[in-house]
>>> print(open('my_file_25.txt').read())   # compact mmCIF, C-alpha atoms and all ligand atoms
# COMPACT_ATOMS: atom_id res chain seq x y z
CA MET B 1001 66.47 106.53 101.54
CA PRO B 1002 69.89 105.50 100.17
CA VAL B 1003 72.70 104.96 102.70
CA PRO B 1004 76.13 105.96 101.37
CA LEU B 1005 79.26 104.00 102.29
CA LEU B 1006 80.77 107.21 103.63
CA ASP B 1007 79.44 110.76 104.06
CA VAL B 1008 82.34 113.18 104.59
CA ASN B 1009 80.03 116.19 104.72
CA ALA B 1010 78.17 114.76 107.72
CA GLN B 1011 81.44 114.97 109.61
CA ASN B 1012 82.94 118.14 108.14
CA LEU B 1013 80.02 120.53 107.75
CA PRO B 1014 79.20 120.73 111.49
CA LEU B 1015 82.74 122.14 111.82
CA GLU B 1016 82.33 124.55 108.91
CA ASP B 1017 82.66 127.81 110.86
CA GLU B 1018 85.73 126.64 112.71
CA LEU B 1019 87.34 125.28 109.55
CA LYS B 1020 86.73 128.54 107.72
CA SER B 1021 88.28 130.59 110.49
CA VAL B 1022 91.32 128.31 110.53
CA PHE B 1023 91.62 128.69 106.77
CA GLU B 1024 91.47 132.44 107.14
CA LYS B 1025 94.15 132.37 109.83
CA VAL B 1026 96.55 130.42 107.60
CA LEU B 1027 95.67 132.58 104.59
CA ARG B 1028 96.52 135.73 106.49
CA SER B 1029 99.69 134.23 108.01
CA GLY B 1030 101.12 133.79 104.53
CA ARG B 1031 103.00 130.73 105.83
CA PHE B 1032 102.09 127.65 103.80
CA ILE B 1033 105.08 125.31 104.14
CA LEU B 1034 106.10 123.87 107.54
CA GLY B 1035 105.96 126.36 110.44
CA GLU B 1036 103.69 126.80 113.42
CA GLU B 1037 100.55 124.94 112.30
CA VAL B 1038 102.58 121.93 111.16
CA GLU B 1039 104.49 121.78 114.43
CA ALA B 1040 101.33 122.17 116.50
CA PHE B 1041 99.58 119.40 114.58
CA GLU B 1042 102.56 117.12 115.08
CA ARG B 1043 102.71 117.83 118.83
CA GLU B 1044 98.99 117.13 119.14
CA CYS B 1045 99.23 113.88 117.16
CA ALA B 1046 102.16 112.73 119.31
CA ALA B 1047 100.15 113.43 122.46
CA GLU B 1048 97.02 111.70 121.11
CA LEU B 1049 98.98 108.61 120.06
CA GLY B 1050 101.30 108.55 123.07
CA VAL B 1051 104.51 108.63 121.00
CA LYS B 1052 107.60 110.76 121.30
CA HIS B 1053 107.83 111.93 117.69
CA ALA B 1054 105.09 112.50 115.11
CA ILE B 1055 106.17 113.91 111.75
CA SER B 1056 103.59 114.97 109.16
CA ILE B 1057 104.15 113.61 105.66
CA SER B 1058 102.57 114.27 102.26
CA SER B 1059 100.53 111.02 102.24
CA GLY B 1060 100.26 107.60 103.85
CA THR B 1061 102.07 106.12 100.87
CA ASP B 1062 104.93 108.58 101.29
CA ALA B 1063 105.00 107.79 105.02
CA LEU B 1064 105.74 104.15 104.14
CA ILE B 1065 108.36 105.13 101.56
CA ILE B 1066 110.19 107.51 103.87
CA ALA B 1067 110.17 104.91 106.69
CA LEU B 1068 111.80 102.37 104.36
CA MET B 1069 114.29 105.01 103.15
CA ALA B 1070 115.21 105.89 106.74
CA PHE B 1071 116.39 102.31 107.25
CA GLY B 1072 118.37 102.43 104.00
CA ILE B 1073 116.19 99.73 102.46
CA GLY B 1074 116.57 99.42 98.69
CA ALA B 1075 117.82 97.23 95.84
CA GLY B 1076 118.80 93.73 96.95
CA ASP B 1077 116.70 93.88 100.12
CA GLU B 1078 113.49 91.99 100.82
CA VAL B 1079 110.56 93.25 102.88
CA LEU B 1080 107.74 91.05 104.19
CA CYS B 1081 104.17 92.31 103.93
CA PRO B 1082 100.71 90.78 103.75
CA SER B 1083 99.26 89.98 100.33
CA PHE B 1084 95.80 91.05 101.51
CA THR B 1085 96.19 94.84 101.89
CA PHE B 1086 95.85 98.11 100.02
CA PHE B 1087 98.35 98.44 97.18
CA ALA B 1088 100.38 101.23 98.84
CA THR B 1089 101.91 98.79 101.34
CA ALA B 1090 103.46 96.77 98.54
CA GLY B 1091 103.99 99.59 96.06
CA SER B 1092 106.11 101.60 98.47
CA ILE B 1093 108.45 98.63 99.00
CA SER B 1094 108.89 98.30 95.24
CA ARG B 1095 109.49 101.99 94.79
CA THR B 1096 112.55 101.87 97.06
CA GLY B 1097 114.00 99.20 94.77
CA ALA B 1098 113.50 96.46 97.36
CA THR B 1099 111.50 93.29 96.72
CA PRO B 1100 108.13 92.88 98.41
CA VAL B 1101 107.65 89.34 99.70
CA PHE B 1102 103.96 88.61 100.05
CA CYS B 1103 102.79 86.55 103.00
CA ASP B 1104 99.38 85.11 103.66
CA VAL B 1105 97.11 86.49 106.41
CA ASN B 1106 95.00 84.91 109.10
CA PRO B 1107 91.24 84.99 108.51
CA VAL B 1108 90.35 86.28 111.99
CA ASP B 1109 92.01 89.70 112.29
CA PHE B 1110 93.32 89.74 108.69
CA GLY B 1111 96.86 90.30 109.98
CA ILE B 1112 100.04 88.90 108.42
CA ASP B 1113 100.37 85.15 109.12
CA LEU B 1114 103.51 84.87 111.21
CA ALA B 1115 104.26 81.26 110.33
CA ALA B 1116 103.98 82.15 106.64
CA ALA B 1117 106.18 85.19 107.17
CA LYS B 1118 108.80 83.16 109.05
CA ALA B 1119 108.96 80.64 106.23
CA LYS B 1120 109.79 83.41 103.73
CA ILE B 1121 112.66 85.00 105.66
CA THR B 1122 116.05 84.91 103.89
CA PRO B 1123 119.41 86.58 104.67
CA ARG B 1124 118.19 89.50 102.51
CA THR B 1125 115.04 90.16 104.56
CA LYS B 1126 115.40 93.56 106.23
CA ALA B 1127 111.95 94.52 107.49
CA ILE B 1128 108.35 93.47 108.01
CA ILE B 1129 105.31 95.69 107.44
CA PRO B 1130 102.35 94.47 109.49
CA VAL B 1131 99.10 96.13 108.33
CA HIS B 1132 96.44 96.93 110.89
CA LEU B 1133 93.54 96.43 108.51
CA TYR B 1134 90.01 97.86 108.87
CA GLY B 1135 90.80 99.51 112.24
CA GLN B 1136 92.16 96.64 114.29
CA ALA B 1137 95.74 95.98 115.40
CA VAL B 1138 97.37 92.70 114.43
CA ASP B 1139 99.22 90.40 116.85
CA LEU B 1140 102.07 92.80 117.55
CA ASP B 1141 103.70 90.63 120.23
CA GLY B 1142 104.04 87.93 117.59
CA VAL B 1143 105.39 90.40 115.01
CA GLN B 1144 107.89 91.82 117.49
CA ALA B 1145 109.12 88.36 118.53
CA LEU B 1146 109.64 87.31 114.91
CA ALA B 1147 111.39 90.59 114.10
CA LYS B 1148 113.69 90.30 117.08
CA GLU B 1149 114.60 86.72 116.30
CA HIS B 1150 115.60 87.63 112.74
CA GLY B 1151 116.86 91.20 113.17
CA LEU B 1152 114.05 92.81 111.15
CA LYS B 1153 112.78 96.38 111.38
CA VAL B 1154 109.05 96.67 112.10
CA ILE B 1155 107.26 99.33 110.05
CA GLU B 1156 103.59 99.42 111.09
CA ASP B 1157 101.04 100.36 108.41
CA ILE B 1158 98.41 102.09 110.54
CA ALA B 1159 96.79 103.97 107.64
CA GLN B 1160 93.37 102.48 108.48
CA SER B 1161 93.71 102.48 112.24
CA PHE B 1162 94.45 105.88 113.80
CA GLY B 1163 93.77 105.44 117.53
CA ALA B 1164 93.67 101.63 117.53
CA SER B 1165 95.42 99.98 120.45
CA TYR B 1166 97.12 96.70 121.29
CA LYS B 1167 97.08 95.50 124.90
CA GLY B 1168 96.24 99.01 126.07
CA VAL B 1169 98.98 100.75 124.05
CA THR B 1170 97.95 102.99 121.15
CA CYS B 1171 99.49 101.83 117.88
CA GLY B 1172 102.14 104.24 116.66
CA ALA B 1173 105.49 103.12 117.95
CA ILE B 1174 105.15 99.58 119.18
CA GLY B 1175 107.32 98.77 116.15
CA GLU B 1176 110.24 101.02 115.16
CA VAL B 1177 108.01 103.31 113.12
CA GLY B 1178 104.28 103.82 112.49
CA CYS B 1179 102.81 105.09 109.21
CA PHE B 1180 99.44 106.83 109.05
CA SER B 1181 97.22 108.32 106.34
CA PHE B 1182 94.76 111.21 106.41
CA PHE B 1183 93.09 110.31 103.12
CA PRO B 1184 89.47 111.50 103.45
CA SER B 1185 88.06 108.00 104.07
CA LYS B 1186 90.44 107.22 106.96
CA ASN B 1187 89.46 107.66 110.61
CA LEU B 1188 91.13 111.06 110.77
CA GLY B 1189 90.01 112.16 107.32
CA GLY B 1190 91.62 115.25 105.81
CA PHE B 1191 90.75 117.65 103.02
CA GLY B 1192 93.06 116.07 100.50
CA ASP B 1193 96.16 113.95 100.97
CA GLY B 1194 98.24 113.74 104.12
CA GLY B 1195 100.12 111.29 106.30
CA LEU B 1196 102.24 110.86 109.40
CA VAL B 1197 105.22 108.86 110.65
CA THR B 1198 105.70 108.18 114.35
CA THR B 1199 108.59 106.83 116.39
CA ASN B 1200 110.05 106.84 119.88
CA ASP B 1201 113.61 106.80 118.51
CA ASP B 1202 115.29 110.24 118.55
CA SER B 1203 117.90 109.52 115.92
CA LEU B 1204 115.39 107.87 113.58
CA ALA B 1205 113.13 110.93 113.98
CA GLU B 1206 116.08 113.13 113.01
CA THR B 1207 116.64 111.07 109.84
CA LEU B 1208 112.93 111.10 108.95
CA LEU B 1209 112.75 114.89 109.38
CA ARG B 1210 115.76 115.35 107.17
CA LEU B 1211 114.48 112.96 104.46
CA ARG B 1212 111.13 114.78 104.41
CA ASN B 1213 112.89 117.90 103.17
CA HIS B 1214 115.39 116.67 100.55
CA GLY B 1215 117.84 115.40 103.18
CA MET B 1216 118.73 119.02 103.72
CA HIS B 1217 120.53 120.30 106.83
CA PRO B 1218 121.56 123.03 107.13
CA ARG B 1219 119.92 124.88 104.27
CA TYR B 1220 121.27 123.78 100.84
CA TYR B 1221 123.60 121.20 102.37
CA HIS B 1222 122.45 117.65 101.59
CA SER B 1223 123.91 114.74 103.52
CA LEU B 1224 121.18 112.36 102.30
CA VAL B 1225 118.98 112.12 99.21
CA GLY B 1226 115.48 112.73 100.52
CA GLY B 1227 112.50 114.24 98.78
CA ASN B 1228 109.63 116.64 99.16
CA PHE B 1229 107.47 114.67 101.57
CA ARG B 1230 105.97 117.66 103.37
CA MET B 1231 102.33 118.06 104.34
CA ASP B 1232 100.75 121.49 103.79
CA ALA B 1233 100.40 123.91 106.70
CA LEU B 1234 96.79 124.44 105.65
CA GLN B 1235 96.05 120.72 105.82
CA CYS B 1236 97.67 120.50 109.26
CA ALA B 1237 95.66 123.48 110.51
CA LEU B 1238 92.37 122.01 109.27
CA LEU B 1239 93.14 118.58 110.69
CA ARG B 1240 93.91 120.07 114.11
CA VAL B 1241 90.22 120.94 114.28
CA LYS B 1242 89.15 117.36 113.51
CA LEU B 1243 91.79 115.76 115.73
CA ARG B 1244 89.97 117.20 118.76
CA HIS B 1245 87.00 114.99 117.84
CA ILE B 1246 88.86 111.77 117.08
CA LYS B 1247 87.65 109.94 120.18
CA GLU B 1248 84.00 110.77 119.40
CA TYR B 1249 84.50 109.53 115.85
CA ALA B 1250 85.94 106.25 117.11
CA ALA B 1251 83.12 105.89 119.65
CA GLY B 1252 80.52 106.43 116.90
CA ARG B 1253 82.10 103.77 114.72
CA ALA B 1254 82.32 101.34 117.65
CA ARG B 1255 78.67 101.96 118.52
CA ASN B 1256 77.63 101.22 114.94
CA ALA B 1257 79.79 98.09 114.78
CA GLU B 1258 78.34 96.82 118.03
CA TYR B 1259 74.80 97.44 116.80
CA TYR B 1260 75.47 95.63 113.53
CA SER B 1261 77.06 92.66 115.27
CA ARG B 1262 74.14 92.24 117.64
CA ARG B 1263 71.40 92.79 115.08
CA ILE B 1264 72.96 90.77 112.27
CA SER B 1265 73.59 87.79 114.55
CA GLU B 1266 69.88 87.89 115.47
CA LEU B 1267 68.81 87.47 111.83
CA THR B 1268 67.63 83.94 111.25
CA GLY B 1269 69.59 81.91 108.77
CA TYR B 1270 72.01 84.70 107.88
CA SER B 1271 75.01 83.53 105.96
CA PHE B 1272 77.62 86.15 106.80
CA ILE B 1273 80.72 85.84 108.90
CA LEU B 1274 80.87 88.85 111.20
CA PRO B 1275 84.13 90.69 111.95
CA VAL B 1276 85.70 89.91 115.32
CA ALA B 1277 87.15 92.44 117.75
CA ALA B 1278 89.82 90.68 119.80
CA PRO B 1279 89.47 91.39 123.55
CA ASP B 1280 93.02 92.76 123.90
CA ARG B 1281 92.69 95.24 121.01
CA GLY B 1282 91.01 98.63 120.76
CA HIS B 1283 89.24 98.40 117.38
CA VAL B 1284 88.50 101.74 115.66
CA TRP B 1285 86.34 100.28 112.87
CA ASN B 1286 87.57 102.07 109.77
CA GLN B 1287 85.58 99.39 107.97
CA PHE B 1288 82.90 96.92 109.01
CA THR B 1289 83.73 94.00 106.79
CA LEU B 1290 81.60 90.89 106.41
CA ARG B 1291 82.67 87.67 104.80
CA VAL B 1292 80.17 85.98 102.53
CA PRO B 1293 81.25 82.39 101.81
CA GLY B 1294 80.01 80.43 98.83
CA GLU B 1295 80.79 80.72 95.13
CA GLY B 1296 79.53 84.05 93.79
CA ARG B 1297 77.60 84.86 96.97
CA ARG B 1298 79.59 87.96 97.88
CA ASP B 1299 79.05 89.46 94.44
CA ALA B 1300 75.36 88.61 94.67
CA LEU B 1301 75.17 90.44 98.01
CA ARG B 1302 76.96 93.41 96.52
CA ALA B 1303 74.42 93.63 93.69
CA HIS B 1304 71.58 93.23 96.19
CA LEU B 1305 72.86 96.04 98.45
CA MET B 1306 73.39 98.35 95.49
CA GLU B 1307 69.85 97.69 94.36
CA LYS B 1308 68.63 98.59 97.85
CA GLY B 1309 70.64 101.82 97.79
CA VAL B 1310 73.16 100.68 100.39
CA GLY B 1311 76.75 101.74 99.69
CA CYS B 1312 79.33 98.98 99.90
CA GLU B 1313 82.82 98.25 98.62
CA ILE B 1314 85.24 95.37 98.22
CA TYR B 1315 88.48 96.02 100.14
CA TYR B 1316 90.24 94.36 98.25
CA PRO B 1317 89.25 92.24 95.26
CA VAL B 1318 92.76 91.29 94.07
CA PRO B 1319 95.50 90.31 96.54
CA MET B 1320 99.01 91.66 95.93
CA HIS B 1321 100.50 88.33 94.86
CA ARG B 1322 98.08 88.36 91.89
CA GLN B 1323 98.67 91.94 90.72
CA GLU B 1324 99.92 92.29 87.17
CA CYS B 1325 102.70 94.72 88.12
CA PHE B 1326 104.22 92.10 90.44
CA ALA B 1327 103.99 89.18 88.01
CA ASN B 1328 107.75 89.15 87.45
CA LEU B 1329 108.73 88.97 91.11
CA PRO B 1330 110.56 85.83 92.28
CA THR B 1331 108.19 82.92 92.93
CA ALA B 1332 108.94 83.05 96.68
CA SER B 1333 107.27 86.49 96.73
CA LEU B 1334 104.14 85.19 95.07
CA SER B 1335 103.53 81.72 96.48
CA ASP B 1336 101.18 80.29 99.10
CA CYS B 1337 98.55 82.88 99.94
CA PRO B 1338 95.33 80.81 99.90
CA ILE B 1339 93.61 82.78 102.67
CA SER B 1340 94.29 86.05 100.84
CA ASP B 1341 92.66 84.55 97.75
CA GLU B 1342 89.67 83.40 99.77
CA LEU B 1343 89.20 86.74 101.50
CA SER B 1344 89.40 88.63 98.21
CA ALA B 1345 86.45 86.57 97.01
CA GLU B 1346 84.43 86.83 100.24
CA VAL B 1347 84.81 90.28 101.84
CA ILE B 1348 82.42 93.18 101.59
CA SER B 1349 82.44 96.39 103.64
CA ILE B 1350 79.22 98.17 104.62
CA PRO B 1351 78.69 101.74 105.91
CA VAL B 1352 79.96 102.28 109.48
CA TYR B 1353 80.87 106.00 109.52
CA PRO B 1354 80.27 107.65 112.90
CA GLU B 1355 77.47 110.04 111.86
CA MET B 1356 75.08 107.25 110.74
CA SER B 1357 71.63 107.43 112.30
CA ILE B 1358 69.84 104.43 113.82
CA GLU B 1359 67.41 104.60 110.86
CA GLN B 1360 70.31 104.28 108.44
CA LEU B 1361 71.80 101.37 110.38
CA ASP B 1362 68.38 99.68 110.39
CA GLU B 1363 68.08 100.23 106.67
CA VAL B 1364 71.40 98.45 106.09
CA ILE B 1365 70.30 95.60 108.37
CA ALA B 1366 66.96 95.33 106.53
CA ALA B 1367 68.82 95.13 103.23
CA LEU B 1368 71.02 92.33 104.61
CA ALA B 1369 67.95 90.54 106.02
CA SER B 1370 66.25 90.58 102.62
CA PHE B 1371 69.23 88.98 100.87
CA PRO B 1372 67.86 85.71 99.55
CA PRO B 1373 69.50 82.61 101.03
CA SER B 1374 71.75 80.50 98.83
CA ASN B 1375 70.04 79.40 95.60
C1 LIG U 1 95.12 104.31 102.63
C2 LIG U 1 96.19 103.33 102.84
C3 LIG U 1 97.54 103.62 102.56
C4 LIG U 1 97.99 104.82 101.79
O1 LIG U 1 97.61 106.06 102.25
P1 LIG U 1 97.49 107.31 101.26
O2 LIG U 1 97.39 108.46 102.20
O3 LIG U 1 96.27 107.12 100.43
O4 LIG U 1 98.73 107.39 100.44
C5 LIG U 1 98.49 102.68 102.90
N1 LIG U 1 98.16 101.51 103.47
C6 LIG U 1 96.89 101.19 103.73
C7 LIG U 1 96.58 99.87 104.37
C8 LIG U 1 95.86 102.07 103.42
O5 LIG U 1 94.59 101.73 103.67
>>> encode(input="my_file_25.txt", output="structure tokens", more="lines below")
Ligand SMILES: *Cc1c(COP(=O)(O)O)cnc(C)c1O
Amino acid sequence: MPVPLLDVNAQNLPLEDELKSVFEKVLRSGRFILGEEVEAFERECAAELGVKHAISISSGTDALIIALMAFGIGAGDEVLCPSFTFFATAGSISRTGATPVFCDVNPVDFGIDLAAAKAKITPRTKAIIPVHLYGQAVDLDGVQALAKEHGLKVIEDIAQSFGASYKGVTCGAIGEVGCFSFFPSKNLGGFGDGGLVTTNDDSLAETLLRLRNHGMHPRYYHSLVGGNFRMDALQCALLRVKLRHIKEYAAGRARNAEYYSRRISELTGYSFILPVAAPDRGHVWNQFTLRVPGEGRRDALRAHLMEKGVGCEIYYPVPMHRQECFANLPTASLSDCPISDELSAEVISIPVYPEMSIEQLDEVIAALASFPPSN
């Protein structure tokens, strides 16, 4: 039986009746932009994440853009981010007119390498975007210390890590602002696009709210140039239903990750590097990502898993400092990311979604066990 990388229906269909009744409620309310459902969703997210302000946004990408805009970041400014991340982290910096400066990552938690980041700071550096990749927080104490020393804003990219924690504190506003995504494959997966920004700063929240709606306040008076960064009332209403289950989802993912780690490390002569959950971090396992060292070995494993009917994906095959659209950036933006290059050649993510059965997990493990050792 094939095992998909992700099965959204396994999570959504058990909630079908509830989702339909919520849809009907919004339909009959006739209120589709902002309003009660949006505010309720935001209150519930703030409570779940333990932050003062949670503001729903049209997507995770837009959450990053609006956070940068709120700090007035634009042309002439530089923003540090990891090279090994999803494109949106870097793309949103570029879209404000600022220059993304790509830093290498560490190979343990895949977080931005702080020594590399420090070396790339200039008088134009305004902010740093640490990315909590695959469901695990990066070294936020280190990020905060670096930011403080150099007067940088910290914009956390938490798109893959809703509910992750660092030293017992849920990620959301350890930095100045947290940016989340509700893309269907994320831990709180929506029914289309959606995102969230979080902060504990009242005046920043005010600015973010205003920017979300064309910088308008009061109606038809514009003190700032914002945009339409609103998330639909319908999407908020549907996600309220799933938000109530977020802890179960995280527990399911953690159970699967724990099972994989134990069973894969028992395989004799396996040649994978398992992901590591640091003891002071609450990992929410958006991805279970193996490293497969050795020339061409990762791609061989990918072909092998596909042949066995096991879904897998490469997050991500090309680091940002090698993307064509960034080829004309200053050399300082593009230099010295050897670990990012290595990871791009070695990583592979296997199914870890919470609804997987033991049989499915065993099938993935059997497929890994039958991967022929190095030629
Ligand atoms: C998914 C993702 C985003 C963008 O979120 P969208 O909702 O798809 O716009 C940003 N950063 C990272 C690391 C992501 O994984």
>>> axis_aligned_box(input="my_file_25.txt", around="ligand LIG 1 (chain U)", padding_each_side="5 Å", output="lines of an AutoDock Vina configuration file")
center_x = 96.7
center_y = 104.2
center_z = 102.4
size_x = 14.1
size_y = 18.6
size_z = 13.9
>>> atom_distance(input="my_file_25.txt", atom1="atom CA of Arg1255 of chain B", atom2="atom CA of Ile1314 of chain B")
22.3 Å
>>> residues_around(input="my_file_25.txt", residues="Ser1058 of chain B", least_positions_apart="4", cutoff="8 Å", atoms="only C-alpha atoms", output="list in words")
Asp1062, Ala1063, Asp1193, Gly1194, Gly1195, Leu1196, Phe1229, Arg1230, Met1231 and Asp1232 of chain B
>>> closest_residue(input="my_file_25.txt", among="B:Ser1349, B:Asn1200, B:Ser1271, B:Gln1323", to="Ala1257 of chain B", atoms="all atoms listed in the file")
B:Ser1349
>>> closest_residue(input="my_file_25.txt", among="B:Glu1313, B:Glu1156, B:Glu1342, B:Asp1336", to="Gly1296 of chain B", atoms="all atoms listed in the file")
B:Glu1342
>>> atom_distance(input="my_file_25.txt", atom1="atom CA of Ile1121 of chain B", atom2="atom CA of Leu1133 of chain B")
22.5 Å
>>> closest_residue(input="my_file_25.txt", among="B:Val1026, B:Ile1093, B:Leu1006, B:Leu1013", to="ligand LIG 1 (chain U)", atoms="all atoms listed in the file")
B:Ile1093
>>> residues_around(input="my_file_25.txt", residues="segment 1241-1249 of chain B", least_positions_apart="2", cutoff="10 Å", atoms="all atoms listed in the file", output="VMD selection string")
chain B and resid 1011 to 1012 1015 1018 to 1019 1022 1041 1044 to 1045 1048 1162 to 1163 1187 to 1190 1236 to 1239 1251 to 1255 1284 to 1285 1353 to 1355
>>> residues_around(input="my_file_25.txt", residues="Leu1027 of chain B", least_positions_apart="6", cutoff="12 Å", atoms="all atoms listed in the file", output="JSON, numbers by chain")
{"B": [1020, 1021, 1033, 1037, 1233, 1234, 1235, 1237]}
>>> write_last_selection(input="my_file_25.txt", atoms="C-alpha atoms", output="tab-separated table (two decimals), keeping the file's coordinate frame")
chain	number	residue	atom	x	y	z
B	1020	LYS	CA	86.73	128.54	107.72
B	1021	SER	CA	88.28	130.59	110.49
B	1033	ILE	CA	105.08	125.31	104.14
B	1037	GLU	CA	100.55	124.94	112.30
B	1233	ALA	CA	100.40	123.91	106.70
B	1234	LEU	CA	96.79	124.44	105.65
B	1235	GLN	CA	96.05	120.72	105.82
B	1237	ALA	CA	95.66	123.48	110.51
>>> residues_around(input="my_file_25.txt", residues="Leu1140 of chain B", least_positions_apart="5", cutoff="10 Å", atoms="all atoms listed in the file", output="mmCIF file with C-alpha atoms, in the coordinates of the input")
data_model
loop_
_atom_site.group_PDB
_atom_site.id
_atom_site.type_symbol
_atom_site.label_atom_id
_atom_site.label_comp_id
_atom_site.auth_asym_id
_atom_site.auth_seq_id
_atom_site.Cartn_x
_atom_site.Cartn_y
_atom_site.Cartn_z
ATOM 1 C CA GLY B 1111 96.860 90.300 109.980
ATOM 2 C CA PRO B 1130 102.350 94.470 109.490
ATOM 3 C CA HIS B 1132 96.440 96.930 110.890
ATOM 4 C CA ALA B 1145 109.120 88.360 118.530
ATOM 5 C CA LEU B 1146 109.640 87.310 114.910
ATOM 6 C CA VAL B 1154 109.050 96.670 112.100
ATOM 7 C CA GLU B 1156 103.590 99.420 111.090
ATOM 8 C CA TYR B 1166 97.120 96.700 121.290
ATOM 9 C CA LYS B 1167 97.080 95.500 124.900
ATOM 10 C CA CYS B 1171 99.490 101.830 117.880
ATOM 11 C CA ILE B 1174 105.150 99.580 119.180
ATOM 12 C CA GLY B 1175 107.320 98.770 116.150
#
>>> atom_distance(input="my_file_25.txt", atom1="atom CA of Thr1170 of chain B", atom2="atom CA of Asp1201 of chain B")
16.3 Å
>>> residues_around(input="my_file_25.txt", residues="Ala1332 of chain B", least_positions_apart="3", cutoff="8 Å", atoms="only C-alpha atoms", output="ChimeraX atom specification")
/B:1101,1120,1335
>>> residues_near_point(input="my_file_25.txt", point="(101.1, 97.1, 110.2)", cutoff="10 Å", atoms="all atoms listed in the file", output="PyMOL selection string")
chain B and resi 1081-1082+1085+1089+1111-1112+1128-1133+1136-1140+1143+1154-1161+1171-1172+1175+1177-1180
>>> closest_residue(input="my_file_25.txt", among="B:Val1008, B:Ile1264, B:Val1197, B:Val1079", to="ligand LIG 1 (chain U)", atoms="only C-alpha atoms and all ligand atoms")
B:Val1197
>>> closest_residue(input="my_file_25.txt", among="B:Lys1186, B:Arg1263, B:Arg1031, B:Arg1095", to="ligand LIG 1 (chain U)", atoms="all atoms listed in the file")
B:Lys1186
>>> closest_residue(input="my_file_25.txt", among="B:Gly1269, B:Ser1059, B:Ser1333, B:Tyr1220", to="Ala1098 of chain B", atoms="all atoms listed in the file")
B:Ser1333
